[in-house]
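Q: Mind having a look at this structure? Questions to follow.
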Amino acid sequence: MHVTTLRGGSRGASEPLLPVPLRILAAALLAACVAVPAVLAVQFVGSGQPGSLDSSVDPVVINFWRYSALSHGLSELGTLGPVALMTLALVAVCVAARRWSGAVLTAVAIPAAAGLAEYVLRPHLGDPIGRDFPSGHAASVFGLAAVCVVLLADPPRRRVSGTVRVLLAFVALALATAAAAAGIAVGARHFTDALAGAAVGTGVALACALALDLASSFVDARSRAAKWTETNCEAKVWEYFYSYVDSGKPGYDYVLRHPGKSFGALAALYRLPCLKVAPSSAGLEGPAVQALASPHIGSLLSPRSVFTGIAGFATSAIILPAEPGAYSLGASKQTLRRKVRQAQKLGVRWGEVTDPQERQDLVKLAEEYERIHPDPTYRNLNPDLSGLFRFGLWLAAYSADGQPLLLSVTPADGEVAVLHYFRSLGTGEAQSNARYLMTQVLAERLVARGVRYLLDGASLVLPNGIRHFQRMVGFRIVRIRVARPR
């Protein structure tokens with residue numbers, strides 16, 4: 001069964017480019033990068049001739065590179081072709097690593113640095129005095145180097161050690177410095193031209209990184225607010241049905257007595273995630289899952305039918321993790337883990353039931369217990385569980401002496417499974433703890449099969465004992481709309 005989320009749910013938070021402590025340093029460096037070209041233009045740039053700073057530094061650089069065979073090659077590093085190739089390569093690396101913010105930073109910052117230097121600042125600062133001020137080549141290579149440093153500062157998956165990342169950042173800056181110095185050595189620009197270009201390139205890269213992080217923080221804040229709103233809506237629906245069942249007079253009598261609360265619960269329900277499920281299996285379990293995911297609610301004008309018609313069939317579901325072993329993690333599963341440990345201390349064990357005769361015996365035992373169940377809510381004088389034999393995943397819990405404690409039969413189709421039969425075969429501490437143990441076992445078995453949603457398949461009008469248990473093991477409220485088979 002294929003699943004599409006139609007409405008609800010919050011997007012995952014995007015990963016920042018710079019950690020918070022480094023953002024202060026980046027802002028300070030950005031201010032310095034803005035100040036450097038202004039100070040150089042006013043104090044040290046000569047009109048058509050080397051300025052005082054150029055006269056001191058240029059000869060040193062020229063003498064250093066005089067006998068180097070690399071000077072001409074490195075001086076071309078900041079031209080359009082090499083910069084474009086390096087930019088595309090870095091974008092490809094970011095995309096392959098699924099670091100989308102890094103790909104955006106690379107694709108925007110480096111062309112913006114070159115464009116700002118070549119087409120904005122130089123016509124107003126360099127051209128009137130006959131200088132390559134600021135240098136577009138230096139802006140390109142230092143923009144590229146600064147982007148590399150930003151990407152290496154705090155990668156989301158630190159597969160490379162901190163020492164190696166520092167060395168790589170140093171290499172990027174050293175290469176940019178060598179390229180700018182080579183341009184001075186071959187007479188293409190002066191020192192102040194290269195220094196101003198380096199400031200422009202670095203400043204643009206830092207400004208883009210800070211702007212992306214600011215936008216990311218804004219999106220994350222909205223995501224957290226949406227998640228908080230969704231959590232509140234879910235709690236409101238849970239509490240409404242707690243009260244609905246506790247009133248002892250469900251139906252329109254409760255709705256008419258609490259119109260504001262009923263309307264609020266309906267509005268909250270509509271804001272929760274809606275799953276559109278479409279059967280995709282050609283086997284027996286696909287149609288069964290479809291039928292269980294959209295059961296007959298009741299009379300046409302009943303409150304439950306009205307709720308379903310407006311907001312979709314609402315049920316509780318466990319949204320399973322993609323990785324095995326992750327279901328029982330987290331602070332919200334403390335009760336689950338404690339109950340599982342208690343079941344294990346009592347010697348409760350479990351197994352998958354594949355033997356046809358053992359399945360027959362368990363069904364017979366389950367039917368007998370339903371007839372004599374001590375709670376009238378769960379008692380069924382004429383149970384018929386023959387339909388369970390259509391499904392493949394049977395799990396059972398047993399006491400230390402081999403007595404069956406719980407039977408679980410779960411049809412599954414693609415990403416969706418339905419908790420069709422999950423019943424204790426007796427009362428007592430062992431049976432109570434076995435419910436938690438078997439929920440964990442079932443979740444892990446389904447994760448291994450690629451299932452992502454375990455639906456309860458019943459409406460939200462449940463006995464409050466079951467509702468409390470569901471919340472303890474991680475059920476959430478979702479809405480279901482069943483589409484035509486694919």
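Note on naming: chains are A, B, ... as they come in the structure tokens, residues start from 1 per chain, ligands start from 1 in the order shown.
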For Gly126 (chain A), please output as a PyMOL selection string all residues within 9 Å (counting only C-alpha atoms; exclusion window: fewer than 6 positions along the same chain).

A: chain A and resi 41+132-134+193

Q: Which polymer residues have any atom within 12 Å of an atom of Leu168 (chain A), counting only C-alpha atoms, with same-chain residues fewer than 2 positions away left out, as a ChimeraX atom specification?

A: /A:145-146,148-153,160-166,170-175

Q: Put those residues in a file: N, CA and C atoms, as an mmCIF file, in the first residue's frame.

A:
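Output file again_37.cif follows:
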data_model
loop_
_atom_site.group_PDB
_atom_site.id
_atom_site.type_symbol
_atom_site.label_atom_id
_atom_site.label_comp_id
_atom_site.auth_asym_id
_atom_site.auth_seq_id
_atom_site.Cartn_x
_atom_site.Cartn_y
_atom_site.Cartn_z
ATOM 1 N N ALA A 145 37.550 30.060 -1.787
ATOM 2 C CA ALA A 145 38.244 29.587 -0.584
ATOM 3 C C ALA A 145 37.402 29.802 0.667
ATOM 4 N N ALA A 146 36.746 30.958 0.763
ATOM 5 C CA ALA A 146 35.911 31.239 1.935
ATOM 6 C C ALA A 146 34.730 30.282 2.011
ATOM 7 N N CYS A 148 34.733 27.215 0.905
ATOM 8 C CA CYS A 148 35.303 25.951 1.381
ATOM 9 C C CYS A 148 35.487 25.966 2.895
ATOM 10 N N VAL A 149 35.976 27.066 3.432
ATOM 11 C CA VAL A 149 36.174 27.176 4.878
ATOM 12 C C VAL A 149 34.841 27.082 5.616
ATOM 13 N N VAL A 150 33.825 27.749 5.094
ATOM 14 C CA VAL A 150 32.495 27.689 5.723
ATOM 15 C C VAL A 150 31.966 26.258 5.717
ATOM 16 N N LEU A 151 32.100 25.576 4.590
ATOM 17 C CA LEU A 151 31.583 24.210 4.495
ATOM 18 C C LEU A 151 32.340 23.250 5.405
ATOM 19 N N LEU A 152 33.611 23.537 5.668
ATOM 20 C CA LEU A 152 34.418 22.668 6.526
ATOM 21 C C LEU A 152 34.273 23.007 8.003
ATOM 22 N N ALA A 153 33.652 24.157 8.307
ATOM 23 C CA ALA A 153 33.592 24.604 9.708
ATOM 24 C C ALA A 153 32.774 23.672 10.579
ATOM 25 N N VAL A 160 35.174 13.416 8.567
ATOM 26 C CA VAL A 160 36.573 13.833 8.515
ATOM 27 C C VAL A 160 36.916 14.500 9.840
ATOM 28 N N SER A 161 38.067 14.168 10.399
ATOM 29 C CA SER A 161 38.458 14.708 11.696
ATOM 30 C C SER A 161 38.664 16.215 11.631
ATOM 31 N N GLY A 162 38.659 16.850 12.808
ATOM 32 C CA GLY A 162 38.853 18.291 12.874
ATOM 33 C C GLY A 162 40.199 18.722 12.347
ATOM 34 N N THR A 163 41.232 17.930 12.613
ATOM 35 C CA THR A 163 42.580 18.278 12.131
ATOM 36 C C THR A 163 42.632 18.291 10.610
ATOM 37 N N VAL A 164 42.029 17.297 9.992
ATOM 38 C CA VAL A 164 42.027 17.235 8.522
ATOM 39 C C VAL A 164 41.226 18.390 7.949
ATOM 40 N N ARG A 165 40.108 18.735 8.577
ATOM 41 C CA ARG A 165 39.297 19.859 8.087
ATOM 42 C C ARG A 165 40.061 21.175 8.187
ATOM 43 N N VAL A 166 40.827 21.367 9.270
ATOM 44 C CA VAL A 166 41.642 22.578 9.404
ATOM 45 C C VAL A 166 42.710 22.622 8.313
ATOM 46 N N PHE A 170 43.127 25.414 5.392
ATOM 47 C CA PHE A 170 44.401 26.121 5.195
ATOM 48 C C PHE A 170 44.875 25.994 3.752
ATOM 49 N N VAL A 171 44.712 24.816 3.153
ATOM 50 C CA VAL A 171 45.128 24.612 1.764
ATOM 51 C C VAL A 171 44.311 25.506 0.834
ATOM 52 N N ALA A 172 43.005 25.601 1.075
ATOM 53 C CA ALA A 172 42.149 26.437 0.231
ATOM 54 C C ALA A 172 42.570 27.902 0.307
ATOM 55 N N LEU A 173 42.825 28.393 1.508
ATOM 56 C CA LEU A 173 43.243 29.792 1.661
ATOM 57 C C LEU A 173 44.642 30.025 1.081
ATOM 58 N N ALA A 174 45.526 29.031 1.266
ATOM 59 C CA ALA A 174 46.883 29.171 0.727
ATOM 60 C C ALA A 174 46.863 29.206 -0.797
ATOM 61 N N LEU A 175 46.008 28.378 -1.387
ATOM 62 C CA LEU A 175 45.919 28.357 -2.847
ATOM 63 C C LEU A 175 45.357 29.678 -3.380
#

Q: Could you list, as a PyMOL selection string, every residue within 12 Å of Gly474 (chain A), counting only C-alpha atoms and ignoring same-chain residues fewer than 2 positions away?

A: chain A and resi 316-321+327-337+436+439-440+443+453-456+467-472+476-477

Q: Next, dump the selected residues to file, keeping only N, CA and C atoms, as an mmCIF file, in the first residue's frame.

A:
data_model
loop_
_atom_site.group_PDB
_atom_site.id
_atom_site.type_symbol
_atom_site.label_atom_id
_atom_site.label_comp_id
_atom_site.auth_asym_id
_atom_site.auth_seq_id
_atom_site.Cartn_x
_atom_site.Cartn_y
_atom_site.Cartn_z
ATOM 1 N N SER A 316 -5.764 6.056 15.331
ATOM 2 C CA SER A 316 -4.436 6.227 15.915
ATOM 3 C C SER A 316 -3.450 5.340 15.158
ATOM 4 N N ALA A 317 -2.225 5.784 15.090
ATOM 5 C CA ALA A 317 -1.216 5.073 14.309
ATOM 6 C C ALA A 317 0.148 5.285 14.923
ATOM 7 N N ILE A 318 1.015 4.312 14.740
ATOM 8 C CA ILE A 318 2.430 4.450 15.084
ATOM 9 C C ILE A 318 3.182 4.741 13.791
ATOM 10 N N ILE A 319 3.866 5.865 13.748
ATOM 11 C CA ILE A 319 4.718 6.192 12.603
ATOM 12 C C ILE A 319 6.076 5.570 12.876
ATOM 13 N N LEU A 320 6.358 4.493 12.190
ATOM 14 C CA LEU A 320 7.543 3.684 12.480
ATOM 15 C C LEU A 320 8.803 4.332 11.918
ATOM 16 N N PRO A 321 9.935 4.145 12.594
ATOM 17 C CA PRO A 321 11.195 4.691 12.076
ATOM 18 C C PRO A 321 11.680 3.880 10.881
ATOM 19 N N TYR A 327 12.694 2.393 17.328
ATOM 20 C CA TYR A 327 11.318 2.612 17.782
ATOM 21 C C TYR A 327 11.240 2.890 19.275
ATOM 22 N N SER A 328 11.987 2.151 20.087
ATOM 23 C CA SER A 328 11.852 2.265 21.544
ATOM 24 C C SER A 328 12.766 3.317 22.147
ATOM 25 N N LEU A 329 13.436 4.124 21.336
ATOM 26 C CA LEU A 329 14.341 5.151 21.843
ATOM 27 C C LEU A 329 13.580 6.423 22.176
ATOM 28 N N GLY A 330 14.178 7.273 23.017
ATOM 29 C CA GLY A 330 13.596 8.568 23.327
ATOM 30 C C GLY A 330 12.921 8.604 24.678
ATOM 31 N N ALA A 331 12.805 9.839 25.202
ATOM 32 C CA ALA A 331 12.219 10.025 26.527
ATOM 33 C C ALA A 331 10.757 9.614 26.559
ATOM 34 N N SER A 332 10.039 9.744 25.442
ATOM 35 C CA SER A 332 8.616 9.410 25.427
ATOM 36 C C SER A 332 8.356 7.916 25.566
ATOM 37 N N LYS A 333 9.395 7.095 25.389
ATOM 38 C CA LYS A 333 9.225 5.643 25.462
ATOM 39 C C LYS A 333 9.764 5.057 26.769
ATOM 40 N N GLN A 334 9.907 5.888 27.801
ATOM 41 C CA GLN A 334 10.420 5.381 29.076
ATOM 42 C C GLN A 334 9.498 4.321 29.663
ATOM 43 N N THR A 335 8.185 4.575 29.626
ATOM 44 C CA THR A 335 7.233 3.592 30.152
ATOM 45 C C THR A 335 7.314 2.297 29.367
ATOM 46 N N LEU A 336 7.395 2.400 28.060
ATOM 47 C CA LEU A 336 7.514 1.205 27.224
ATOM 48 C C LEU A 336 8.730 0.387 27.614
ATOM 49 N N ARG A 337 9.884 1.030 27.744
ATOM 50 C CA ARG A 337 11.110 0.296 28.079
ATOM 51 C C ARG A 337 11.018 -0.335 29.468
ATOM 52 N N TYR A 436 3.184 -4.455 26.182
ATOM 53 C CA TYR A 436 4.257 -3.520 25.834
ATOM 54 C C TYR A 436 5.375 -4.241 25.091
ATOM 55 N N THR A 439 4.235 -5.021 21.564
ATOM 56 C CA THR A 439 4.173 -3.820 20.715
ATOM 57 C C THR A 439 5.557 -3.511 20.161
ATOM 58 N N GLN A 440 6.572 -3.595 21.010
ATOM 59 C CA GLN A 440 7.939 -3.353 20.552
ATOM 60 C C GLN A 440 8.359 -4.404 19.540
ATOM 61 N N ALA A 443 6.556 -3.783 16.212
ATOM 62 C CA ALA A 443 7.103 -2.614 15.519
ATOM 63 C C ALA A 443 8.408 -2.954 14.823
ATOM 64 N N TYR A 453 3.837 2.726 8.636
ATOM 65 C CA TYR A 453 2.659 3.152 9.388
ATOM 66 C C TYR A 453 1.922 1.921 9.914
ATOM 67 N N LEU A 454 1.766 1.853 11.224
ATOM 68 C CA LEU A 454 0.968 0.810 11.855
ATOM 69 C C LEU A 454 -0.326 1.451 12.333
ATOM 70 N N LEU A 455 -1.423 1.180 11.636
ATOM 71 C CA LEU A 455 -2.709 1.791 11.947
ATOM 72 C C LEU A 455 -3.472 0.926 12.942
ATOM 73 N N ASP A 456 -4.187 1.587 13.836
ATOM 74 C CA ASP A 456 -5.045 0.844 14.753
ATOM 75 C C ASP A 456 -6.253 0.287 14.008
ATOM 76 N N ARG A 467 -6.860 3.644 25.117
ATOM 77 C CA ARG A 467 -6.334 4.938 24.671
ATOM 78 C C ARG A 467 -5.068 5.299 25.457
ATOM 79 N N HIS A 468 -5.087 5.073 26.771
ATOM 80 C CA HIS A 468 -3.917 5.364 27.594
ATOM 81 C C HIS A 468 -2.740 4.482 27.183
ATOM 82 N N PHE A 469 -2.997 3.210 26.946
ATOM 83 C CA PHE A 469 -1.930 2.304 26.506
ATOM 84 C C PHE A 469 -1.341 2.775 25.176
ATOM 85 N N GLN A 470 -2.205 3.166 24.250
ATOM 86 C CA GLN A 470 -1.705 3.611 22.950
ATOM 87 C C GLN A 470 -0.779 4.812 23.070
ATOM 88 N N ARG A 471 -1.134 5.748 23.917
ATOM 89 C CA ARG A 471 -0.280 6.933 24.077
ATOM 90 C C ARG A 471 1.068 6.552 24.679
ATOM 91 N N MET A 472 1.086 5.571 25.566
ATOM 92 C CA MET A 472 2.338 5.149 26.198
ATOM 93 C C MET A 472 3.297 4.488 25.200
ATOM 94 N N ARG A 476 -0.073 7.942 17.518
ATOM 95 C CA ARG A 476 -0.478 9.313 17.236
ATOM 96 C C ARG A 476 -1.782 9.290 16.453
ATOM 97 N N ILE A 477 -2.466 10.412 16.461
ATOM 98 C CA ILE A 477 -3.725 10.502 15.732
ATOM 99 C C ILE A 477 -3.442 10.960 14.301
#

Q: If we count only C-alpha atoms, what is near Val204 (chain A) at a cut-off of 8 Å, once residues fewer than 4 positions away on the same chain are taken out, given as a PyMOL selection string?

A: chain A and resi 109-110+112-113+143+200+208

Q: Can those selected residues be exported to a file as a PDB file, in the first residue's frame so that it contains C-alpha atoms?

A:
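Output saved as result_1.pdb:
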ATOM      1  CA  ALA A 109      28.336  33.332  -3.362  1.00  0.00           C
ATOM      2  CA  ILE A 110      31.114  32.780  -5.902  1.00  0.00           C
ATOM      3  CA  ALA A 112      28.096  37.141  -6.665  1.00  0.00           C
ATOM      4  CA  ALA A 113      31.647  37.891  -5.460  1.00  0.00           C
ATOM      5  CA  GLY A 143      35.192  33.690  -2.511  1.00  0.00           C
ATOM      6  CA  VAL A 200      35.187  41.405  -1.446  1.00  0.00           C
ATOM      7  CA  CYS A 208      25.691  34.707   1.974  1.00  0.00           C
TER       8      CYS A 208
END

Q: From the options A:His137, A:Arg98, A:Arg435, A:Arg338, which residue's atoms come nearest to Ala198 (chain A), counting only C-alpha atoms?

A: A:His137

Q: Could you check which of A:Val289, A:Leu29, A:Ala138, A:Leu437 is closest to Ala117 (chain A), using only C-alpha atoms?

A: A:Ala138

Q: How many Å lie between CA of Pro155 (chain A) and CA of Cys33 (chain A), rounded to one decimal?

A: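 Separation between CA of Pro155 (chain A) and CA of Cys33 (chain A): 24.4 Å.
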
Q: For each of A:Leu105, A:Val237, A:Cys274, A:Leu446, take the minimum atom-to-atom distance to Asp413 (chain A), counting only C-alpha atoms, then give the residue where this is smallest.

A: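 Checking each of A:Leu105, A:Val237, A:Cys274, A:Leu446 against Asp413 (chain A), counting only C-alpha atoms, the winner is A:Leu446.
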
Q: Considering only C-alpha atoms, can you say which of A:Leu121, A:Ala107, A:Ala235, A:Val348 comes closest to Val34 (chain A)?

A: A:Leu121

Q: May I have the residues within 7 Å of Ser424 (chain A) as a count of residues only, using only C-alpha atoms and disregarding those fewer than 6 positions away in the same chain?

A: 4

Q: Taking the backbone alone, and naming residues the way the document does, which bits of region 405-452 of chain A are alpha helix (DSSP H) by DSSP, as a list in words?

A: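 Reading the DSSP output for region 405-452 of chain A, alpha helix (DSSP H) covers Glu429, Ala430, Gln431, Ser432, Asn433, Ala434, Arg435, Tyr436, Leu437, Met438, Thr439, Gln440, Val441, Leu442, Ala443, Glu444, Arg445, Leu446, Val447 and Ala448 of chain A.
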
Q: Counting only C-alpha atoms, which residues of region 122-187 of chain A sit at most 12 Å from some atom of region 50-66 of chain A, and what is each one's closest atom pair with its distance in Å to one decimal, listed by chain and rising residue number, as a Markdown table?

A:
| residue | atom | partner | partner_atom | distance |
| --- | --- | --- | --- | --- |
| A:Ile129 | CA | A:Pro50 | CA | 11.1 |
| A:Gly130 | CA | A:Pro50 | CA | 10.9 |
| A:Arg131 | CA | A:Pro50 | CA | 9.3 |
| A:Asp132 | CA | A:Pro50 | CA | 11.4 |
| A:Phe133 | CA | A:Pro50 | CA | 11.6 |
| A:Thr177 | CA | A:Val61 | CA | 11.4 |
| A:Ala178 | CA | A:Trp65 | CA | 9.7 |
| A:Ala179 | CA | A:Trp65 | CA | 11.2 |
| A:Ala180 | CA | A:Val61 | CA | 10.3 |
| A:Ala181 | CA | A:Val61 | CA | 6.6 |
| A:Ala182 | CA | A:Trp65 | CA | 7.1 |
| A:Gly183 | CA | A:Ile62 | CA | 9.6 |
| A:Ile184 | CA | A:Asp58 | CA | 6.8 |
| A:Ala185 | CA | A:Ile62 | CA | 4.4 |
| A:Val186 | CA | A:Ile62 | CA | 7.6 |
| A:Gly187 | CA | A:Ile62 | CA | 8.5 |

Q: Please, what distance in Å, to one decimal, runs between CA of Gly203 (chain A) and CA of Val36 (chain A)?

A: 10.2 Å

Q: Rounded to one decimal, what separation in Å do you get between CA of Arg257 (chain A) and CA of Tyr242 (chain A)?

A: 15.4 Å

Q: Out of A:Ala209, A:Ala448, A:Ala114, A:Leu275, which residue has the shortest atom-to-atom distance to Ala27 (chain A) when counting only C-alpha atoms?

A: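 The closest residue to Ala27 (chain A) is A:Ala209.
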